[in-house]
>>> print(open('data19.txt').read())   # compact mmCIF, C-alpha atoms
# COMPACT_ATOMS: atom_id res chain seq x y z
CA GLU Z 1 23.13 -19.24 4.88
CA ALA Z 2 23.60 -21.85 2.13
CA VAL Z 3 20.45 -23.65 3.26
CA ALA Z 4 18.44 -20.42 3.36
CA SER Z 5 19.56 -19.40 -0.13
CA ARG Z 6 17.97 -22.56 -1.56
CA MET Z 7 14.59 -21.95 0.06
CA ARG Z 8 11.80 -20.53 -2.08
CA ARG Z 9 9.78 -17.77 -0.48
CA ASN Z 10 6.63 -17.91 -2.61
CA GLY Z 11 5.13 -19.02 -5.90
CA PHE Z 12 6.32 -15.99 -7.86
CA GLN Z 13 9.96 -16.97 -7.50
CA TRP Z 14 11.79 -18.48 -10.43
CA PRO Z 15 11.52 -21.05 -11.79
CA LEU Z 16 7.82 -20.73 -12.50
CA ASP Z 17 5.89 -23.98 -12.80
CA PRO Z 18 4.59 -24.79 -16.32
CA GLN Z 19 1.14 -25.54 -14.92
CA GLN Z 20 1.16 -22.20 -13.10
CA VAL Z 21 1.94 -20.37 -16.35
CA SER Z 22 -0.72 -22.39 -18.19
CA SER Z 23 -3.30 -21.31 -15.60
CA TRP Z 24 -2.44 -17.66 -16.29
CA VAL Z 25 -2.84 -18.20 -20.04
CA LEU Z 26 -6.11 -20.05 -19.50
CA PHE Z 27 -7.45 -17.26 -17.27
CA VAL Z 28 -6.70 -14.62 -19.92
CA ALA Z 29 -8.29 -16.82 -22.61
CA PHE Z 30 -11.42 -17.33 -20.51
CA VAL Z 31 -11.89 -13.61 -19.90
CA ALA Z 32 -11.22 -12.72 -23.55
CA LEU Z 33 -13.59 -15.35 -24.96
CA THR Z 34 -16.33 -14.44 -22.49
CA ALA Z 35 -16.05 -10.73 -23.29
CA ALA Z 36 -15.89 -11.27 -27.05
CA ALA Z 37 -18.34 -14.13 -27.61
CA VAL Z 38 -20.74 -14.36 -24.66
CA VAL Z 39 -21.56 -10.89 -23.35
CA PRO Z 40 -22.44 -9.30 -26.74
CA ILE Z 41 -24.99 -12.03 -27.55
CA LEU Z 42 -26.92 -11.90 -24.28
CA PRO Z 43 -30.02 -9.68 -23.98
CA SER Z 44 -29.32 -6.17 -22.71
CA ARG Z 45 -30.38 -6.57 -19.07
CA GLY Z 46 -28.90 -10.04 -18.83
CA ALA Z 47 -25.68 -8.88 -20.46
CA TRP Z 48 -25.16 -6.02 -17.99
CA ALA Z 49 -25.92 -8.22 -14.97
CA PHE Z 50 -23.74 -11.07 -16.21
CA ALA Z 51 -20.87 -8.72 -17.09
CA ALA Z 52 -20.95 -7.11 -13.63
CA VAL Z 53 -20.98 -10.45 -11.79
CA TYR Z 54 -18.36 -12.01 -14.04
CA ALA Z 55 -16.00 -9.02 -13.84
CA SER Z 56 -16.28 -8.95 -10.04
CA LEU Z 57 -15.54 -12.68 -9.75
CA ALA Z 58 -12.66 -12.45 -12.23
CA LEU Z 59 -11.07 -9.58 -10.29
CA ALA Z 60 -11.58 -11.39 -6.98
CA THR Z 61 -10.04 -14.57 -8.40
CA LEU Z 62 -7.03 -12.64 -9.66
CA LEU Z 63 -6.44 -10.88 -6.34
CA VAL Z 64 -6.88 -13.86 -4.00
CA ALA Z 65 -4.83 -16.14 -6.27
CA ALA Z 66 -2.01 -13.58 -6.34
CA HIS Z 67 -2.19 -13.25 -2.55
CA THR Z 68 -2.04 -17.02 -2.02
CA THR Z 69 0.80 -17.39 -4.50
CA ALA Z 70 2.75 -14.63 -2.74
CA SER Z 71 2.22 -16.06 0.75
CA ASN Z 72 4.98 -17.80 2.68
CA ALA Z 73 3.94 -20.94 4.57
CA ILE Z 74 7.38 -21.62 6.09
CA ASP Z 75 7.63 -23.11 9.58
CA GLU Z 76 8.25 -20.22 11.97
CA CYS Z 77 10.98 -22.23 13.70
CA VAL Z 78 12.94 -22.23 10.45
CA LEU Z 79 12.22 -18.57 9.84
CA GLY Z 80 13.44 -17.67 13.31
CA THR Z 81 16.91 -18.99 12.49
CA LEU Z 82 17.30 -16.92 9.34
CA GLU Z 83 18.82 -13.50 9.04
CA PRO Z 84 16.44 -10.61 8.25
CA ASN Z 85 15.79 -10.16 4.53
CA THR Z 86 17.28 -13.59 3.82
CA PHE Z 87 14.57 -14.31 1.29
CA THR Z 88 14.58 -12.54 -2.05
CA LEU Z 89 11.89 -12.66 -4.71
CA ALA Z 90 14.36 -13.54 -7.44
CA THR Z 91 16.32 -16.72 -6.82
CA PRO Z 92 19.98 -16.00 -7.60
CA ALA Z 93 21.22 -17.89 -10.64
CA GLY Z 94 24.76 -17.83 -9.26
CA ALA Z 95 27.06 -15.88 -7.02
CA GLY Z 96 28.07 -12.56 -8.50
CA ARG Z 97 25.96 -13.06 -11.63
CA GLU Z 98 23.49 -10.39 -12.61
CA ALA Z 99 19.90 -11.50 -13.15
CA ARG Z 100 18.45 -11.40 -16.64
CA PRO Z 101 16.56 -8.20 -17.59
CA SER Z 102 13.28 -10.13 -17.87
CA ARG Z 103 13.71 -11.45 -14.33
CA ARG Z 104 14.58 -7.99 -13.00
CA ILE Z 105 11.44 -6.55 -14.62
CA PHE Z 106 9.35 -9.40 -13.24
CA SER Z 107 10.77 -8.88 -9.73
CA LEU Z 108 10.09 -5.14 -9.91
CA TRP Z 109 6.49 -5.84 -10.91
CA ILE Z 110 6.08 -8.26 -8.00
CA ASP Z 111 7.64 -5.72 -5.59
CA ALA Z 112 5.12 -3.08 -6.69
CA THR Z 113 1.93 -5.15 -6.93
CA VAL Z 114 2.12 -8.35 -4.91
CA LYS Z 115 4.89 -8.18 -2.33
CA PRO Z 116 3.23 -5.45 -0.19
CA TRP Z 117 0.46 -7.86 0.82
CA ALA Z 118 2.40 -11.12 0.86
CA ALA Z 119 1.74 -13.01 4.10
CA ALA Z 120 5.22 -13.04 5.59
CA PRO Z 121 5.38 -14.95 8.91
CA THR Z 122 6.63 -13.23 12.03
CA PRO Z 123 10.14 -14.41 13.04
CA VAL Z 124 10.41 -16.43 16.23
CA PRO Z 125 12.12 -14.35 18.94
CA SER Z 126 15.36 -15.69 20.38
CA ALA Z 127 14.11 -15.45 23.96
CA PRO Z 128 11.68 -18.21 25.02
CA THR Z 129 8.04 -17.18 25.09
CA PRO Z 130 4.88 -19.10 26.01
CA ASP Z 131 3.93 -19.25 22.31
CA GLN Z 132 7.15 -21.00 21.27
CA PRO Z 133 7.00 -24.80 20.95
CA SER Z 134 8.89 -26.71 23.61
CA SER Z 135 11.68 -29.13 22.76
CA GLU Z 136 9.24 -32.04 23.16
CA GLU Z 137 7.08 -30.55 20.38
CA LEU Z 138 9.97 -30.29 17.92
CA SER Z 139 11.57 -32.69 15.48
CA TYR Z 140 14.85 -32.10 13.65
CA CYS Z 141 14.92 -31.46 9.90
CA TYR Z 142 18.29 -32.44 8.45
CA LEU Z 143 17.58 -30.49 5.27
CA CYS Z 144 16.67 -27.20 6.99
CA GLN Z 145 19.21 -28.04 9.73
CA VAL Z 146 16.95 -26.82 12.51
CA GLY Z 147 14.30 -28.11 14.89
CA VAL Z 148 10.80 -27.77 13.42
CA LYS Z 149 7.29 -28.41 14.63
CA ARG Z 150 6.29 -32.07 14.63
CA ARG Z 151 3.40 -31.44 12.23
CA SER Z 152 5.67 -29.68 9.76
CA LYS Z 153 6.88 -31.36 6.59
CA HIS Z 154 9.75 -30.54 4.27
CA CYS Z 155 8.66 -29.64 0.73
CA LYS Z 156 11.27 -30.81 -1.76
CA THR Z 157 10.02 -28.31 -4.36
CA CYS Z 158 10.20 -25.20 -2.15
CA ARG Z 159 13.13 -26.65 -0.17
CA LYS Z 160 11.78 -25.61 3.22
CA CYS Z 161 9.69 -26.98 6.08
CA VAL Z 162 6.04 -25.91 6.01
CA ASP Z 163 3.93 -25.66 9.15
CA GLN Z 164 1.12 -28.27 8.92
CA PHE Z 165 1.98 -29.01 5.29
CA ASP Z 166 -1.10 -29.85 3.20
CA HIS Z 167 0.31 -30.07 -0.33
CA HIS Z 168 2.39 -28.25 -2.92
CA CYS Z 169 0.00 -26.63 -5.39
CA VAL Z 170 1.48 -26.67 -8.89
CA TRP Z 171 -1.16 -24.20 -10.13
CA LEU Z 172 0.03 -21.61 -7.59
CA ASN Z 173 3.62 -22.90 -7.52
CA ASN Z 174 3.51 -22.61 -3.75
CA CYS Z 175 3.16 -24.75 -0.65
CA VAL Z 176 -0.14 -24.78 1.21
CA GLY Z 177 0.08 -24.98 4.99
CA VAL Z 178 -1.58 -23.64 8.10
CA ARG Z 179 -0.55 -20.06 7.34
CA ASN Z 180 -2.13 -19.80 3.90
CA TYR Z 181 -4.71 -22.60 3.94
CA PRO Z 182 -7.65 -20.18 4.48
CA ALA Z 183 -6.44 -18.07 1.55
CA PHE Z 184 -6.17 -21.22 -0.57
CA ILE Z 185 -9.76 -22.19 0.27
CA VAL Z 186 -10.98 -18.71 -0.69
CA THR Z 187 -9.00 -18.92 -3.94
CA ILE Z 188 -10.50 -22.20 -5.14
CA SER Z 189 -13.99 -21.18 -3.94
CA VAL Z 190 -13.95 -17.90 -5.86
CA ALA Z 191 -12.44 -19.64 -8.90
CA CYS Z 192 -15.23 -22.23 -8.79
CA ALA Z 193 -17.86 -19.47 -8.62
CA LEU Z 194 -16.21 -17.71 -11.58
CA LEU Z 195 -16.17 -20.88 -13.67
CA THR Z 196 -19.79 -21.64 -12.76
CA ALA Z 197 -20.91 -18.20 -13.92
CA GLN Z 198 -18.73 -18.46 -17.02
CA LEU Z 199 -20.10 -21.87 -17.98
CA GLY Z 200 -23.68 -20.78 -17.36
CA GLY Z 201 -23.26 -17.66 -19.49
CA ALA Z 202 -21.54 -19.62 -22.27
CA LEU Z 203 -24.31 -22.24 -22.39
CA ALA Z 204 -26.97 -19.52 -22.48
CA ALA Z 205 -25.14 -17.73 -25.31
CA LEU Z 206 -24.68 -21.01 -27.17
CA GLY Z 207 -28.40 -21.70 -26.94
CA ILE Z 208 -29.19 -18.23 -28.33
CA ALA Z 209 -26.69 -18.54 -31.18
CA ALA Z 210 -27.97 -21.99 -32.16
CA SER Z 211 -31.65 -21.00 -32.12
CA ASN Z 212 -33.55 -19.58 -35.11
CA ASP Z 213 -36.26 -17.99 -32.97
CA ARG Z 214 -36.78 -14.38 -34.06
CA VAL Z 215 -37.41 -13.16 -30.52
CA SER Z 216 -34.86 -15.08 -28.43
CA GLY Z 217 -32.58 -16.73 -30.99
CA TRP Z 218 -29.86 -15.74 -33.46
CA PRO Z 219 -31.90 -13.15 -35.45
CA ALA Z 220 -32.46 -11.10 -32.28
CA ALA Z 221 -28.84 -11.61 -31.20
CA LEU Z 222 -27.62 -10.49 -34.62
CA ALA Z 223 -29.62 -7.27 -34.30
CA ARG Z 224 -28.08 -6.65 -30.85
CA LEU Z 225 -24.59 -7.29 -32.18
CA GLU Z 226 -25.08 -4.82 -35.02
CA ARG Z 227 -26.31 -2.16 -32.58
CA ARG Z 228 -23.48 -2.72 -30.09
CA LEU Z 229 -20.55 -3.41 -32.40
CA GLY Z 230 -21.63 -2.07 -35.77
CA PRO Z 231 -22.40 -4.13 -38.89
CA ALA Z 232 -18.75 -4.27 -39.97
CA ALA Z 233 -17.61 -5.82 -36.66
CA VAL Z 234 -20.24 -8.58 -36.56
CA GLY Z 235 -18.80 -11.94 -37.56
CA SER Z 236 -20.61 -14.93 -38.96
CA ARG Z 237 -22.92 -17.11 -36.97
CA THR Z 238 -20.52 -20.01 -37.36
CA ALA Z 239 -17.66 -17.97 -35.90
CA HIS Z 240 -19.71 -17.02 -32.82
CA VAL Z 241 -20.90 -20.57 -32.24
CA SER Z 242 -17.34 -21.87 -32.66
CA LEU Z 243 -15.90 -19.41 -30.14
CA ILE Z 244 -18.58 -20.18 -27.57
CA ALA Z 245 -18.14 -23.93 -28.14
CA VAL Z 246 -14.39 -23.59 -27.51
CA LEU Z 247 -15.13 -21.69 -24.29
CA VAL Z 248 -17.52 -24.42 -23.13
CA LEU Z 249 -15.06 -27.20 -23.98
CA LEU Z 250 -12.32 -25.45 -21.98
CA SER Z 251 -14.59 -24.50 -19.09
CA VAL Z 252 -16.07 -27.93 -18.37
CA PRO Z 253 -12.85 -29.82 -17.45
CA THR Z 254 -11.49 -26.76 -15.62
CA TRP Z 255 -14.70 -26.47 -13.59
CA LEU Z 256 -14.59 -30.20 -12.77
CA LEU Z 257 -10.99 -29.88 -11.57
CA VAL Z 258 -11.68 -26.86 -9.34
CA ALA Z 259 -14.98 -28.30 -8.06
CA GLN Z 260 -13.15 -31.49 -7.10
CA LEU Z 261 -10.61 -29.42 -5.16
CA CYS Z 262 -13.41 -27.57 -3.36
CA ALA Z 263 -15.16 -30.83 -2.47
CA PHE Z 264 -11.92 -32.43 -1.25
CA HIS Z 265 -10.84 -29.50 0.92
>>> encode(input="data19.txt", output="C-alpha cells")
Amino acid sequence: EAVASRMRRNGFQWPLDPQQVSSWVLFVAFVALTAAAVVPILPSRGAWAFAAVYASLALATLLVAAHTTASNAIDECVLGTLEPNTFTLATPAGAGREARPSRRIFSLWIDATVKPWAAAPTPVPSAPTPDQPSSEELSYCYLCQVGVKRRSKHCKTCRKCVDQFDHHCVWLNNCVGVRNYPAFIVTISVACALLTAQLGGALAALGIAASNDRVSGWPAALARLERRLGPAAVGSRTAHVSLIAVLVLLSVPTWLLVAQLCAFH
C-alpha cells in the first residue's frame, strides 16, 4: 500500500512539471496571437480557410495531448497487485490532511473532462491465463516490490514500472510506454501539423504587413481590418508587425523541437 501510494497515475497529478505548464501557456499564447494578428490580415477566402484548418488542428492537439497526459502506462503486473481504486488523481500531501482548494478544483475538473477517457490498463487476474507472462519472462523490481515484465523499466519520476518504457516526457509530465506510445505519436504529429500551419500563416501575414503594395500589401490589409474590426480597433502597422514577428520567433524553435521528436520517433 505504501509503494502504491507513491506511484503517479498520469501527467495531471501533482506536482505538475514546469515544462508541462510552460507548454500550456505557450499553446494559449500561440492561439491568441494567431487569432489576433494573423487571421485578420489574411485575404477573406484565405482567412476563412486558414482559420478552419488552424482551429481544427488546435482542437485536435488539445484533445490528443490531454488523452496522452491522462493515460497510464504502468506495467500490468504491477497493476495486478494493487487494490481497486488505489490510484487517485490528487497525490495526498499527507495522511489525514485535506487537499488545498485549488487542488480539489483541479481534480474535479480532471474528473469531469479528462478522466472518463484516460487509458487505464486492465488489472491482471489472479488466476493464470495464457496472456499472463510466465515466471521466465519476469524480473523483480525492488522498488515496486513485484515481478515485472523483462522489458519494463522503473521510472523514478512516476515511481512505477512502465511496460516497454520509452521515456518520461516532461512536456506531458507522463511516462511513454507500449500502452500510450501510439497516442504519443499522434500527439506530436498533430502538434507538428499545427505548428507548420501556424508558421506558414504567420509568415504570409508578415509578408502582407511588410509590403506597401496596394493590392496585396498593408494598404489592402488595413482596409480589411477596418471592415472586420472597425477603425477604432485597428492598431498601428508597427504593432501588427511586432505581434506577428513575436509569433514567428516563438514558433520556429517550437516547430524544430516537435519536428525533431517526430523524426526521432
>>> residues_around(input="data19.txt", residues="region 23-35 of chain Z", least_positions_apart="2", cutoff="8 Å", atoms="only C-alpha atoms", output="list in words")
Gln19, Gln20, Val21, Ala37, Val38, Val39, Pro40, Ala58, Trp171, Gln198, Ala202, Leu243, Ile244, Leu247 and Ser251 of chain Z
>>> residues_near_point(input="data19.txt", point="(-8.4, -11.6, -5.4)", cutoff="12 Å", atoms="all atoms listed in the file", output="list in words")
Ala55, Ser56, Leu57, Ala58, Leu59, Ala60, Thr61, Leu62, Leu63, Val64, Ala65, Ala66, His67, Thr68, Thr69, Ala70, Val114, Trp117, Ala183, Phe184, Val186, Thr187, Ile188, Ser189, Val190, Ala191 and Leu194 of chain Z
>>> atom_distance(input="data19.txt", atom1="CA of Val146 (chain Z)", atom2="CA of Pro15 (chain Z)")
25.6 Å
>>> atom_distance(input="data19.txt", atom1="CA of Phe50 (chain Z)", atom2="CA of Cys262 (chain Z)")
23.3 Å
>>> atom_distance(input="data19.txt", atom1="CA of Met7 (chain Z)", atom2="CA of Cys158 (chain Z)")
5.9 Å
>>> closest_residue(input="data19.txt", among="Z:Gly147, Z:Ile185, Z:Leu172, Z:Leu16", to="Phe264 (chain Z)", atoms="all atoms listed in the file")
Z:Ile185
>>> closest_residue(input="data19.txt", among="Z:Thr157, Z:Ser152, Z:Ser139, Z:Asn173", to="Pro18 (chain Z)", atoms="only C-alpha atoms")
Z:Asn173
>>> closest_residue(input="data19.txt", among="Z:Val246, Z:Cys77, Z:Arg6, Z:Asp17", to="His168 (chain Z)", atoms="all atoms listed in the file")
Z:Asp17
>>> residues_near_point(input="data19.txt", point="(-29.4, -6.2, -30.2)", cutoff="9 Å", atoms="only C-alpha atoms", output="list in words")
Pro40, Ile41, Leu42, Pro43, Ser44, Ala220, Ala221, Leu222, Ala223, Arg224, Leu225, Glu226, Arg227 and Arg228 of chain Z
>>> closest_residue(input="data19.txt", among="Z:Ala239, Z:Ala259, Z:Ala193, Z:Cys161", to="Val178 (chain Z)", atoms="only C-alpha atoms")
Z:Cys161
